[in-house]
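Novice: My file is data_22.cif. It has mmCIF, C-alpha atoms and all ligand atoms:
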```cif
data_input
#
loop_
_atom_site.label_atom_id
_atom_site.label_comp_id
_atom_site.auth_asym_id
_atom_site.auth_seq_id
_atom_site.Cartn_x
_atom_site.Cartn_y
_atom_site.Cartn_z
CA MET V 297 114.12 63.61 144.66
CA SER V 298 112.45 66.15 146.88
CA LYS V 299 109.47 64.60 148.66
CA HIS V 300 107.11 67.51 147.98
CA LYS V 301 107.37 67.08 144.19
CA ILE V 302 104.69 64.74 142.84
CA PRO V 303 104.95 63.28 139.34
CA ILE V 304 101.58 63.50 137.59
CA LEU V 305 101.01 60.72 135.06
CA SER V 306 99.07 61.05 131.85
CA ILE V 307 97.13 57.82 131.22
CA ILE V 308 94.98 59.00 128.30
CA SER V 309 96.86 58.61 125.04
CA ASP V 310 97.04 61.33 122.37
CA GLU V 311 94.29 60.10 120.05
CA PRO V 312 91.44 59.95 122.62
CA LEU V 313 92.70 63.19 124.17
CA LYS V 314 92.39 64.91 120.78
CA LYS V 315 88.81 63.63 120.44
CA ILE V 316 87.90 64.92 123.92
CA THR V 317 89.47 68.30 123.15
CA ALA V 318 87.56 68.54 119.86
CA LEU V 319 84.28 67.71 121.63
CA ALA V 320 84.90 70.28 124.38
CA GLU V 321 85.66 73.02 121.83
CA ASN V 322 82.08 72.72 120.55
CA ASN V 323 80.59 73.50 124.00
CA PRO V 324 78.67 70.20 124.13
CA GLU V 325 75.41 69.65 125.97
CA LEU V 326 75.51 66.83 128.52
CA ILE V 327 73.53 64.60 126.16
CA ASP V 328 76.30 65.01 123.53
CA LEU V 329 78.93 64.09 126.11
CA VAL V 330 77.01 60.97 127.15
CA GLU V 331 76.62 59.93 123.52
CA PHE V 332 80.34 60.59 122.94
CA LEU V 333 81.51 58.54 125.96
CA PHE V 334 79.27 55.66 124.94
CA SER V 335 79.98 55.61 121.20
CA GLU V 336 83.73 56.37 121.34
CA PHE V 337 84.72 54.40 124.44
CA GLN V 338 81.74 52.09 125.18
CA ILE V 339 81.44 53.52 128.70
CA ASP V 340 78.19 52.67 130.54
CA CYS V 341 76.38 56.05 130.46
CA THR V 342 72.70 56.88 130.52
CA THR V 343 70.29 59.80 130.61
CA ASP V 344 67.38 57.51 131.56
CA GLN V 345 65.79 59.27 134.54
CA GLU V 346 64.30 56.02 135.87
CA ILE V 347 67.82 54.67 136.38
CA ILE V 348 69.31 57.98 137.53
CA GLN V 349 66.65 58.42 140.21
CA GLY V 350 68.22 55.65 142.28
CA PHE V 351 71.36 57.79 142.53
CA ASP V 352 70.03 61.31 143.09
CA ARG V 353 69.83 61.12 146.89
CA ASP V 354 72.11 59.92 149.67
CA SER V 355 71.41 59.21 153.35
CA SER V 356 71.29 62.95 154.10
CA ASN V 357 67.94 62.80 152.29
CA ILE V 358 68.63 66.18 150.70
CA GLU V 359 66.88 66.38 147.35
CA GLY V 360 69.23 66.02 144.40
CA ARG V 361 69.06 66.05 140.63
CA ALA V 362 71.30 64.71 137.89
CA ASP V 363 70.99 64.70 134.11
CA ALA V 364 73.15 61.65 133.46
CA LEU V 365 74.79 58.67 135.15
CA SER V 366 78.04 56.91 134.27
CA ARG V 367 79.28 53.62 135.71
CA PRO V 368 82.91 53.10 134.69
CA VAL V 369 84.51 49.70 135.22
CA ASN V 370 88.17 50.68 135.45
CA GLU V 371 90.63 53.50 136.04
CA TYR V 372 90.97 54.31 132.33
CA GLU V 373 87.23 54.82 131.87
CA CYS V 374 87.21 57.02 134.99
CA ALA V 375 90.02 59.14 133.52
CA LEU V 376 88.12 59.58 130.23
CA ILE V 377 84.95 60.66 132.07
CA LEU V 378 86.80 63.08 134.35
CA ALA V 379 88.79 64.65 131.51
CA SER V 380 85.68 65.03 129.32
CA CYS V 381 83.62 66.67 132.07
CA GLN V 382 86.48 68.93 133.11
CA MET V 383 87.17 70.15 129.56
CA ALA V 384 83.46 70.59 128.78
CA ALA V 385 82.83 72.30 132.17
CA ILE V 386 80.12 69.80 133.13
CA PRO V 387 79.60 69.29 136.90
CA LEU V 388 80.41 65.79 138.16
CA THR V 389 79.45 64.09 141.43
CA ILE V 390 81.23 60.97 142.67
CA SER V 391 78.84 58.45 144.19
CA ALA V 392 79.62 55.27 146.16
CA GLY V 393 77.24 53.61 148.67
CA ARG V 394 75.44 56.96 149.31
CA THR V 395 75.37 56.39 153.07
CA ASN V 396 76.94 59.74 153.97
CA LEU V 397 74.77 62.00 156.10
CA THR V 398 76.05 65.34 154.78
CA GLY V 399 74.75 65.37 151.19
CA SER V 400 78.25 65.04 149.74
CA ALA V 401 77.13 62.45 147.16
CA THR V 402 73.96 64.38 146.29
CA PRO V 403 74.22 65.72 142.72
CA LYS V 404 73.15 69.25 141.84
CA GLY V 405 72.78 68.70 138.10
CA GLY V 406 75.36 67.36 135.67
CA LEU V 407 76.72 63.82 135.64
CA ILE V 408 77.04 61.23 138.40
CA LEU V 409 80.10 58.99 138.35
CA SER V 410 79.10 55.90 140.32
CA ILE V 411 81.97 53.65 141.42
CA GLU V 412 79.66 50.64 141.89
CA LYS V 413 81.23 48.76 138.96
CA MET V 414 84.81 49.43 140.07
CA THR V 415 85.11 45.93 141.50
CA THR V 416 88.11 44.45 139.67
CA PRO V 417 90.88 43.29 139.95
CA PRO V 418 89.88 41.04 142.86
CA ILE V 419 90.90 41.85 146.43
CA LYS V 420 94.39 40.57 147.20
CA VAL V 421 95.87 39.97 150.64
CA ASP V 422 99.67 39.93 150.91
CA MET V 423 100.63 37.88 153.97
CA LYS V 424 104.26 39.02 153.85
CA THR V 425 103.55 42.75 154.02
CA GLN V 426 100.28 42.23 155.94
CA THR V 427 98.39 44.41 153.46
CA LEU V 428 95.26 44.18 151.33
CA THR V 429 94.76 45.80 147.92
CA THR V 430 91.24 46.44 146.65
CA PRO V 431 89.33 48.40 144.03
CA VAL V 432 87.02 51.05 145.46
CA GLY V 433 83.57 49.77 144.44
CA ILE V 434 83.64 46.83 146.88
CA TYR V 435 81.35 47.06 149.93
CA LEU V 436 83.47 47.53 153.05
CA GLU V 437 82.11 44.51 154.92
CA GLU V 438 82.77 42.29 151.89
CA MET V 439 86.39 43.49 151.95
CA ARG V 440 86.71 42.89 155.69
CA LYS V 441 85.43 39.31 155.26
CA GLU V 442 87.83 38.72 152.38
CA ALA V 443 90.77 39.85 154.57
CA LEU V 444 89.86 37.15 157.10
CA LYS V 445 89.22 34.52 154.42
CA GLN V 446 92.46 35.00 152.47
CA SER V 447 94.55 35.15 155.65
CA ASN V 448 92.92 32.12 157.32
CA ASN V 449 91.64 34.40 160.10
CA LYS V 450 95.15 35.64 160.89
CA LEU V 451 94.73 39.23 159.67
CA HIS V 452 91.82 41.66 159.79
CA TYR V 453 90.87 45.21 158.78
CA PRO V 454 89.85 46.82 162.07
CA VAL V 455 87.79 49.80 160.82
CA ASP V 456 84.14 48.87 161.34
CA PRO V 457 81.70 51.77 160.79
CA THR V 458 78.09 50.82 161.46
CA SER V 459 77.33 51.43 157.77
CA ARG V 460 79.96 48.89 156.63
CA GLU V 461 77.43 46.65 154.81
CA ASP V 462 76.25 49.56 152.61
CA ALA V 463 79.31 51.83 152.36
CA MET V 464 81.88 51.17 149.64
CA VAL V 465 85.64 51.22 150.15
CA GLY V 466 85.92 54.46 148.11
CA GLY V 467 83.29 56.19 150.25
CA THR V 468 84.92 55.15 153.52
CA LEU V 469 88.27 56.47 152.27
CA SER V 470 86.79 59.78 151.21
CA CYS V 471 84.95 60.25 154.52
CA ASN V 472 87.78 58.81 156.64
CA ALA V 473 85.09 56.57 158.14
CA SER V 474 85.71 55.34 161.65
CA GLY V 475 84.48 52.46 163.75
CA PHE V 476 84.38 51.36 167.35
CA ILE V 477 88.13 51.42 168.09
CA PRO V 478 89.00 54.63 169.96
CA GLY V 479 91.77 57.01 168.86
CA PRO V 480 93.39 57.45 165.43
CA ALA V 481 93.61 53.65 164.93
CA GLY V 482 89.81 53.59 164.64
CA THR V 483 89.85 55.62 161.42
CA THR V 484 90.41 54.68 157.78
CA ARG V 485 93.32 57.12 157.41
CA TYR V 486 95.45 55.24 159.95
CA TRP V 487 95.32 51.98 157.94
CA THR V 488 95.79 53.47 154.47
CA ASP V 489 99.18 52.56 153.01
CA SER V 490 98.92 53.60 149.36
CA LEU V 491 96.43 54.95 146.83
CA ASP V 492 95.82 55.33 143.12
CA PHE V 493 94.12 58.59 142.49
CA LEU V 494 92.82 60.59 139.48
CA ILE V 495 92.70 64.37 139.62
CA PRO V 496 89.75 66.14 137.94
CA ASP V 497 91.41 66.48 134.52
CA GLY V 498 92.02 62.71 134.38
CA TYR V 499 95.73 62.63 135.28
CA LYS V 500 96.93 59.97 137.72
CA ILE V 501 98.85 60.05 140.99
CA SER V 502 100.08 56.88 142.69
CA CYS V 503 101.22 57.53 146.23
CA LYS V 504 102.51 55.46 149.11
CA ARG V 505 102.64 56.62 152.71
CA GLY V 506 105.96 58.39 153.32
CA GLU V 507 106.60 58.94 149.60
CA TYR V 508 105.23 62.49 149.16
CA ILE V 509 105.34 65.01 152.01
CA SER V 510 104.52 68.71 151.64
CA THR V 511 107.17 71.32 152.48
CA ASN V 512 106.32 74.82 153.73
CA GLY V 513 102.63 74.18 153.16
CA GLU V 514 102.77 73.06 149.55
CA PHE V 515 103.19 70.23 147.09
CA ILE V 516 104.57 70.79 143.61
CA LEU V 517 102.58 68.90 140.98
CA GLU V 518 104.84 68.00 138.06
CA PHE V 519 102.62 67.52 135.00
CA PRO V 520 104.18 66.21 131.76
CA ASP V 521 104.44 69.79 130.39
CA ASP V 522 103.50 72.05 133.28
CA THR V 523 104.11 72.59 137.00
CA ARG V 524 101.43 73.62 139.50
CA ILE V 525 101.49 74.36 143.22
CA LEU V 526 99.01 72.72 145.60
CA LYS V 527 98.71 74.57 148.90
CA ILE V 528 97.70 72.35 151.81
CA PRO V 529 95.24 73.25 154.60
CA SER V 530 96.87 74.73 157.71
CA TYR V 531 94.05 75.13 160.22
CA PRO V 532 94.65 73.61 163.69
CA TRP V 533 94.00 69.87 163.79
CA PRO V 534 92.49 68.62 167.06
CA ASP V 535 94.38 65.88 168.87
CA ILE V 536 91.33 63.61 169.05
CA LYS V 537 89.63 61.14 166.71
CA ASN V 538 88.29 63.40 164.00
CA ALA V 539 86.76 62.60 160.64
CA SER V 540 85.70 66.04 159.47
CA GLY V 541 87.16 67.87 156.50
CA PRO V 542 90.50 67.45 154.69
CA TYR V 543 93.53 66.76 156.85
CA SER V 544 95.52 69.78 157.97
CA ASN V 545 98.88 70.69 159.49
CA GLU V 546 99.81 74.05 160.99
CA LYS V 547 103.49 73.51 160.14
CA GLY V 548 102.70 72.83 156.49
CA LYS V 549 103.86 69.21 156.54
CA ILE V 550 101.39 66.56 155.36
CA ASP V 551 101.74 63.12 153.84
CA LEU V 552 99.83 63.11 150.52
CA VAL V 553 98.01 59.91 151.57
CA ASP V 554 96.68 61.70 154.67
CA LEU V 555 95.52 64.67 152.58
CA ILE V 556 93.54 62.53 150.13
CA VAL V 557 91.89 60.31 152.76
CA GLY V 558 88.98 62.25 154.25
CA SER V 559 88.84 64.87 151.49
CA GLU V 560 85.35 63.78 150.30
CA GLY V 561 86.27 63.74 146.62
CA LEU V 562 87.48 67.38 146.64
CA PHE V 563 90.80 66.56 144.98
CA GLY V 564 89.54 63.85 142.63
CA LEU V 565 88.70 60.16 142.45
CA ILE V 566 90.39 57.31 144.34
CA THR V 567 90.44 54.18 142.15
CA SER V 568 92.41 51.67 144.21
CA VAL V 569 93.85 51.37 147.71
CA THR V 570 96.22 49.26 149.77
CA PHE V 571 95.36 49.00 153.47
CA ARG V 572 97.57 47.70 156.26
CA LEU V 573 95.97 44.81 158.14
CA LYS V 574 96.18 43.94 161.82
CA GLU V 575 97.03 40.56 163.30
CA MET V 576 94.07 38.87 164.94
CA PRO V 577 94.63 38.45 168.67
CA ASN V 578 94.72 34.82 169.82
CA GLU V 579 92.41 35.49 172.73
CA PHE V 580 89.61 37.95 173.47
CA LEU V 581 88.25 39.14 176.79
CA ASP V 582 84.74 40.63 176.63
CA LEU V 583 83.94 42.91 179.57
CA PHE V 584 80.45 44.10 180.47
CA PHE V 585 80.02 46.93 182.99
CA THR V 586 76.87 48.28 184.56
CA LEU V 587 77.36 51.84 185.79
CA THR V 588 75.22 53.95 188.04
CA SER V 589 75.75 57.29 186.27
CA GLU V 590 77.11 58.95 183.11
CA LEU V 591 79.80 60.59 185.25
CA ASN V 592 81.08 57.16 186.29
CA ALA V 593 81.24 56.17 182.62
CA VAL V 594 83.39 59.22 181.83
CA LYS V 595 85.69 58.44 184.77
C1 LIG A 1 73.14 54.02 159.31
C2 LIG A 1 74.46 54.72 159.12
C3 LIG A 1 75.50 54.44 159.97
C4 LIG A 1 76.73 55.09 159.81
N1 LIG A 1 77.76 54.77 160.65
C5 LIG A 1 78.95 55.36 160.51
C6 LIG A 1 80.04 55.04 161.39
O1 LIG A 1 79.92 54.19 162.28
N2 LIG A 1 81.22 55.67 161.20
C7 LIG A 1 81.39 56.60 160.20
O2 LIG A 1 82.49 57.14 160.07
N3 LIG A 1 80.37 56.93 159.35
C8 LIG A 1 79.18 56.34 159.48
N4 LIG A 1 78.15 56.66 158.62
C9 LIG A 1 78.39 57.63 157.56
C10 LIG A 1 78.79 56.95 156.20
O3 LIG A 1 78.32 55.66 156.15
C11 LIG A 1 80.26 56.86 156.01
O4 LIG A 1 80.78 58.16 156.01
C12 LIG A 1 80.72 56.12 154.73
O5 LIG A 1 82.12 56.17 154.74
C13 LIG A 1 80.24 56.68 153.40
O6 LIG A 1 80.57 55.72 152.38
P1 LIG A 1 79.70 55.58 151.06
O7 LIG A 1 80.27 54.48 150.23
O8 LIG A 1 78.28 55.46 151.36
O9 LIG A 1 80.03 56.96 150.34
P2 LIG A 1 79.03 58.02 149.67
O10 LIG A 1 78.04 58.47 150.66
O11 LIG A 1 78.52 57.52 148.38
O12 LIG A 1 80.05 59.19 149.36
C14 LIG A 1 80.64 59.91 150.41
C15 LIG A 1 81.63 60.94 149.84
O13 LIG A 1 82.76 60.28 149.28
C16 LIG A 1 82.95 60.69 147.92
N5 LIG A 1 83.49 59.51 147.24
C17 LIG A 1 82.95 58.26 147.18
N6 LIG A 1 83.77 57.42 146.53
C18 LIG A 1 84.86 58.15 146.19
C19 LIG A 1 86.08 57.85 145.49
N7 LIG A 1 86.32 56.63 145.02
N8 LIG A 1 86.98 58.83 145.32
C20 LIG A 1 86.75 60.09 145.79
N9 LIG A 1 85.62 60.43 146.44
C21 LIG A 1 84.69 59.48 146.63
C22 LIG A 1 81.57 61.14 147.45
O14 LIG A 1 81.67 62.05 146.39
C23 LIG A 1 81.07 61.80 148.72
O15 LIG A 1 81.64 63.09 148.83
C24 LIG A 1 76.91 56.04 158.77
C25 LIG A 1 75.84 56.32 157.91
C26 LIG A 1 74.63 55.67 158.08
C27 LIG A 1 73.50 55.99 157.15
#
```
Kindly return the structure encoded in the file as structure tokens.

Specialist:
Amino acid sequence: MSKHKIPILSIISDEPLKKITALAENNPELIDLVEFLFSEFQIDCTTDQEIIQGFDRDSSNIEGRADALSRPVNEYECALILASCQMAAIPLTISAGRTNLTGSATPKGGLILSIEKMTTPPIKVDMKTQTLTTPVGIYLEEMRKEALKQSNNKLHYPVDPTSREDAMVGGTLSCNASGFIPGPAGTTRYWTDSLDFLIPDGYKISCKRGEYISTNGEFILEFPDDTRILKIPSYPWPDIKNASGPYSNEKGKIDLVDLIVGSEGLFGLITSVTFRLKEMPNEFLDLFFTLTSELNAVK
């Protein structure tokens, strides 16, 4: 199979899909959609402004506003919410720990999808492959501690952004968060091995590093009864640690995992991830320098 062709999986069965289509045909108000998601699928949804207010701002402190909040607990509920909003043309904002400084989790009306209840199945470390699989609603520091615990301090997840106590795994993936390690190995993208991902109309993509690679600047998305082309960004990518904007390649060749990590929710919702882990060194050497000038530090 050609590596630039991506199979798109439908995870919503016919009956619920028919109900969503019927709802969307009646141009529903957001309140109708919330009522529908709750009564048909028992999804945690509310229009209570007292609850929503905790979610209408992120660390950018830009003022936001949302009319409803949903807190799905699994991938299927996420797919139902995404498909319903997409068909009914209702704006949706994905929200994790809300520690970003750019306003990317600040809603401008519509519905917030918070991933804070996406915390199962439990984190699992695989000692053989030296990987860790986690849902996206776990706080990053909790995940890092679990990597150490399950591996008896033999393996660790090296990405340590300062916000790691408050940022969730999904947020760090979407922002390609980076920590104190210099170079590409300091960023989330470097350690990401595979992802489960929902595109805005609720379809699913599972991808592993090396599995899907664009050719001539595009991926071909193979839906059950349709084919679409996804053009990839081609602006120059600086050869330094860089966490801004979706990944790019001037020659049109990108691993799908690299495109999704750092795309700030543009392409859809990440529901689960497998990270590579690093072996803990047996010994550490801490060095402390005092320097007389900034120039000496650069040297
Ligand atoms: C005090 C402080 C220190 C910081 N230190 C660092 C640092 O050292 N290094 C660094 O890189 N950043 C740092 N940041 C920035 C920020 O913490 C990170 O970018 C972090 O990764 C954001 O994660 P979050 O869970 O808070 O995501 P949010 O702010 O909630 O969301 C960020 C973006 O990701 C999207 N998103 C969230 N979850 C998903 C998902 N599952 N699927 C798709 N899209 C999703 C949102 O829609 C939004 O666009 C810091 C911020 C603060 C306030």

Novice: Name the residues, by chain letter and number, that sit within 8 Å of ligand LIG 1 (chain A) using all atoms listed in the file, and give them as a PyMOL selection string.

Specialist: chain V and resi 354-356+389-397+399-402+410-411+432-433+435+456-460+462-476+483+493+539+559-568

Novice: Report, in Å with one decimal, the straight-line distance from atom CA of Asn592 of chain V to atom CA of Pro478 of chain V.

Specialist: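 Interatomic distance here is 18.3 Å.
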
Novice: What's around Ala443 of chain V at 10 Å? Count all atoms listed in the file, leave out sequence neighbours fewer than 2 positions away in its own chain, and write the answer as number ranges by chain.

Specialist: V: 419-422, 426-429, 437-441, 445-453, 573-574

Novice: Return the single residue from V:Asn545, V:Thr511, V:Thr570, V:Thr588 that is closest to Lys301 of chain V, with distances computed using all atoms listed in the file.

Specialist: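 Closest candidate: V:Thr511.
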
Novice: Can you tell me how far atom CA of Glu518 of chain V sits from atom CA of Lys314 of chain V, in Å to one decimal?

Specialist: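 Atom CA of Glu518 of chain V sits 21.5 Å away from atom CA of Lys314 of chain V.
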
Novice: So which one's closest to Ile307 of chain V, V:Ile327, V:Ser510, V:Thr430, V:Phe519? Using only C-alpha atoms, please.

Specialist: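 Of all the options, V:Phe519 lies closest to Ile307 of chain V.
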
Novice: One decimal, in Å: what's the spacing between atom CA of Asp363 of chain V and atom CA of Thr343 of chain V?

Specialist: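 Between atom CA of Asp363 of chain V and atom CA of Thr343 of chain V the gap works out to 6.1 Å.
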
Novice: Counting all atoms listed in the file, figure out which residue out of V:Lys549, V:Arg361, V:Lys315, V:Arg524 gets nearest to Met383 of chain V.

Specialist: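 Residue with the minimum atom-to-atom distance to Met383 of chain V: V:Lys315.
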
Novice: Excluding Ser502 of chain V and any residue of its chain fewer than 5 positions from it, enumerate the residues within 9 Å of it, using only C-alpha atoms, and give them as a PyMOL selection string.

Specialist: chain V and resi 303-305+490-494

Novice: Kindly indicate which residue among V:Phe580, V:Phe585, V:Phe571, V:Tyr499 lies nearest to Thr425 of chain V, using all atoms listed in the file for the distances.

Specialist: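 Counting all atoms listed in the file, the residue closest to Thr425 of chain V is V:Phe571.
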
Novice: If you count all atoms listed in the file, which residues fall within 12 Å of Ile377 of chain V, apart from same-chain ones fewer than 5 positions away, as a PyMOL selection string?

Specialist: chain V and resi 308+312-313+316+326+329-334+336-341+364-372+382-390+407-410+494-499+564-565
